[in-house]
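Trainee: Mind having a look at this structure? Questions to follow.
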Amino acid sequence: MKKSLATIGVLAAAALALSGCTDSAAPSSSSAPTDGAASGEVTKVRVAALPIAETGALWAAIDEGIFEKHGLEIEVVPAQGGANAIPALLSGDIQFAIGQPFGPIRADQQDLGVAIIGDYANSLAEGTDVNAVVALAGSGITRPADLAGKKVSVNTVGAAGDLTIRKAVQDDGGDPSTVQFVEVAFPDVPAQLEAGTMDAAWAPDPFRAAIVKGGGTSVVQPYQATIPGLTVLTNITTQKLLDENPELVESYSAAMSEALDWAADNEDAVRSAIATNLKIPEEAAAGITLPTFTWDLSDAGIEDLGALAVEFAYIDAEPDYSRLIQQQ
């Protein structure tokens, strides 16, 4: 088991190193914002995304030429979470980010001018979900209440992962205030669990699946247990870009909407892209639970997440949803 779990983490990390920390589409002849579909020119766009299975839809759509058709060349910049990408958005180093919505929620509290312009992937309301809190066999952790007093990793502390875990622990009769959350990048989860640096970990596929298939326990699917169908990842940009370059936002939105619709109907291509970009075997990619890919924010559950954040004192008040959520 140790060999298999460590291999998943090492290979995923190696995928980032081998890519030089970025993934790019086909070469471009132009970097100036243009209407590429009409002019034949291509605009280079930097998009932050996590090195996880859900990003397979983006990788596959790039390979399919969907973004190029809309006049865009996408450079994928690996990120650890939506909150981590916000400084890069505000500095203009990247134009868009695919990340959890909690980063933008916090940014709205500070009036930083960050907006969610579209969904990307939603968790599953029933069955095996796309992420879970997992623990190794023999840990004695089998239910949410068992996490009380334990050290649990999340990719970004103070976001949707630990918030929904706290709620699940509370609903199961445990004391959510005693859970100790530590920040660990998803590719490092298997090795860190084996090293005993934490008792349990919140992880998506392929890391969740590797741990469970290796004999570990799926303790709780916190999104499904608290806000079924909650968005896993959203598309994020700045109000500045919306105001100053609406044509670029429009092109990106149209391309991403088409890409997500295409990904929903082409799971084999998405799984192939996951295997290639995360450097995992095709058979491992075939067993990954995929989310619901969608651009539509109407069922994303962001308002429910904001209310839960207030309940657990993660934020003082709910955000201004009219400026935070700007469906394109």
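Identifiers in the structure tokens: chain A, B, ... in order shown; residue index from 1 per chain; ligand index from 1 in order shown.
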May I have the residues within 8 Å of Ser253 in chain A as number ranges by chain, using only C-alpha atoms and disregarding those fewer than 5 positions away in the same chain?

Mentor: A: 117-118, 328

Trainee: Can you write just those residues out, all heavy atoms, as a CSV table (one decimal), in the first residue's frame?

Mentor:
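Generated file (result_36.csv):
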```
chain,number,residue,atom,x,y,z
A,117,ILE,N,-17.3,34.3,-12.4
A,117,ILE,CA,-18.0,34.6,-13.7
A,117,ILE,C,-18.7,33.3,-14.2
A,117,ILE,O,-19.4,33.4,-15.2
A,117,ILE,CB,-17.1,35.2,-14.7
A,117,ILE,CG1,-15.9,34.2,-15.0
A,117,ILE,CG2,-16.6,36.5,-14.2
A,117,ILE,CD1,-15.1,34.7,-16.2
A,118,GLY,N,-18.4,32.2,-13.7
A,118,GLY,CA,-19.0,30.9,-14.2
A,118,GLY,C,-18.7,29.8,-13.3
A,118,GLY,O,-17.7,29.9,-12.5
A,328,GLN,N,-21.5,35.0,-16.7
A,328,GLN,CA,-21.3,35.5,-18.0
A,328,GLN,C,-21.9,34.6,-19.0
A,328,GLN,O,-22.2,33.4,-18.8
A,328,GLN,CB,-19.8,35.6,-18.3
A,328,GLN,CG,-19.0,36.5,-17.3
A,328,GLN,CD,-19.5,37.9,-17.4
A,328,GLN,OE1,-19.4,38.6,-18.5
A,328,GLN,NE2,-20.0,38.5,-16.3
```

Trainee: Within 9 Å of range 154-177 of chain A, which residues of range 239-317 of chain A show up? Give each one with its shortest atom-to-atom distance in Å (one decimal) and the two atoms involved, counting only C-alpha atoms, rows by chain then rising residue number, as CSV.

Mentor:
```
residue,atom,partner,partner_atom,distance
A:Leu305,CA,A:Ala160,CA,7.5
A:Leu308,CA,A:Leu163,CA,7.7
A:Ala309,CA,A:Leu163,CA,7.0
A:Phe312,CA,A:Leu163,CA,7.6
A:Tyr314,CA,A:Gly158,CA,7.1
```

Trainee: Take the residues from that selection and write them out as a tab-separated table (two decimals), in the first residue's frame, keeping all heavy atoms.

Mentor:
```tsv
chain	number	residue	atom	x	y	z
A	305	LEU	N	-23.02	28.19	1.03
A	305	LEU	CA	-21.67	28.16	1.58
A	305	LEU	C	-21.39	29.44	2.37
A	305	LEU	O	-20.80	29.39	3.46
A	305	LEU	CB	-20.64	28.01	0.46
A	305	LEU	CG	-19.18	27.85	0.88
A	305	LEU	CD1	-18.97	26.55	1.65
A	305	LEU	CD2	-18.27	27.89	-0.35
A	308	LEU	N	-23.14	29.23	5.69
A	308	LEU	CA	-22.44	28.31	6.59
A	308	LEU	C	-21.18	28.97	7.14
A	308	LEU	O	-20.83	28.77	8.31
A	308	LEU	CB	-22.09	27.03	5.83
A	308	LEU	CG	-21.57	25.85	6.67
A	308	LEU	CD1	-22.64	25.38	7.66
A	308	LEU	CD2	-21.14	24.69	5.77
A	309	ALA	N	-20.52	29.76	6.34
A	309	ALA	CA	-19.31	30.45	6.77
A	309	ALA	C	-19.62	31.45	7.90
A	309	ALA	O	-18.83	31.60	8.84
A	309	ALA	CB	-18.66	31.16	5.59
A	312	PHE	N	-20.29	29.51	11.22
A	312	PHE	CA	-19.09	29.03	11.89
A	312	PHE	C	-18.04	30.13	12.08
A	312	PHE	O	-16.89	29.85	12.40
A	312	PHE	CB	-18.49	27.85	11.11
A	312	PHE	CG	-19.17	26.54	11.40
A	312	PHE	CD1	-20.36	26.22	10.78
A	312	PHE	CD2	-18.63	25.64	12.31
A	312	PHE	CE1	-21.00	25.02	11.05
A	312	PHE	CE2	-19.27	24.44	12.60
A	312	PHE	CZ	-20.46	24.13	11.96
A	314	TYR	N	-16.45	32.03	10.10
A	314	TYR	CA	-15.33	32.16	9.16
A	314	TYR	C	-15.30	33.57	8.56
A	314	TYR	O	-14.25	34.08	8.23
A	314	TYR	CB	-15.48	31.14	8.03
A	314	TYR	CG	-14.89	29.78	8.34
A	314	TYR	CD1	-15.14	29.13	9.55
A	314	TYR	CD2	-14.08	29.14	7.41
A	314	TYR	CE1	-14.61	27.90	9.82
A	314	TYR	CE2	-13.54	27.88	7.67
A	314	TYR	CZ	-13.80	27.27	8.89
A	314	TYR	OH	-13.26	26.04	9.17
```

Trainee: Between A:Asp205, A:Asp146, A:Asp265, A:Asp243, which is the closest to Pro190 in chain A once you count only C-alpha atoms?

Mentor: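 The answer is A:Asp205, which sits nearest to Pro190 in chain A.
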
Trainee: As a count of residues only, please: every residue in range 240-306 of chain A that a backbone DSSP assignment puts in alpha helix (DSSP H).

Mentor: 47

Trainee: Point out the residue among A:Ser257, A:Thr43, A:Thr55, A:Thr197 with the least atom-to-atom distance to Leu278 in chain A, counting only C-alpha atoms.

Mentor: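 Answer, going by the shortest atom-to-atom distance: A:Thr55.
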
Trainee: Counting only C-alpha atoms, which residue out of A:Asp268, A:Glu126, A:Glu75, A:Asp299 sits closest to Gln95 in chain A?

Mentor: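 Once distances to Gln95 in chain A are computed over only C-alpha atoms, the minimum belongs to A:Glu75.
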
Trainee: For Thr128 in chain A, find every residue with an atom within 10 Å (counting only C-alpha atoms), except residues of its own chain fewer than 5 positions away, and show them as a PyMOL selection string.

Mentor: chain A and resi 123+218+221+224+289-290

Trainee: Just checking: using only C-alpha atoms, which residue out of A:Pro206, A:Pro104, A:Gly138, A:Gly65 ends up closest to Pro281 in chain A?

Mentor: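 Ranked by minimum distance to Pro281 in chain A, first place goes to A:Pro206.
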
Trainee: What is the distance, in Å and to one decimal place, between CA of Ala125 in chain A and CA of Ala185 in chain A?

Mentor: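 According to the coordinates, CA of Ala125 in chain A and CA of Ala185 in chain A are separated by 25.1 Å.
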
Trainee: What does the distance between CA of Leu136 in chain A and CA of Ala273 in chain A come to in Å, to one decimal place?

Mentor: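 These atoms are spaced 28.4 Å apart.
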
Trainee: One decimal, Å: what's the distance from CA of Phe102 in chain A over to CA of Thr238 in chain A, could you say?

Mentor: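 Going from CA of Phe102 in chain A over to CA of Thr238 in chain A covers 14.9 Å.
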
Trainee: Ranking A:Val42, A:Leu230, A:Asn235, A:Asp296 by minimum distance to Ala85 in chain A and counting only C-alpha atoms, which one comes first?

Mentor: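 With only C-alpha atoms as the atom set, the closest residue is A:Asn235.
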
Trainee: To test your reading of the structure, identify every residue in range 133-191 of chain A that backbone DSSP assigns to strand (DSSP E), and report it as a ChimeraX atom specification.

Mentor: /A:133-135,151-154,180-183

Trainee: Can you pull out every residue within 8 Å of Arg143 in chain A, counting only C-alpha atoms, but drop anything in the same chain fewer than 4 positions away, and send it as a list in words?

Mentor: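 After dropping sequence-adjacent residues, the list is Leu147, Asp172, Val219 and Val220 of chain A.
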
Trainee: Between A:Trp202, A:Trp262, A:Tyr321, A:Tyr120, single out the one closest to Glu64 in chain A, counting only C-alpha atoms.

Mentor: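 Checking each of A:Trp202, A:Trp262, A:Tyr321, A:Tyr120 against Glu64 in chain A, counting only C-alpha atoms, the winner is A:Trp262.
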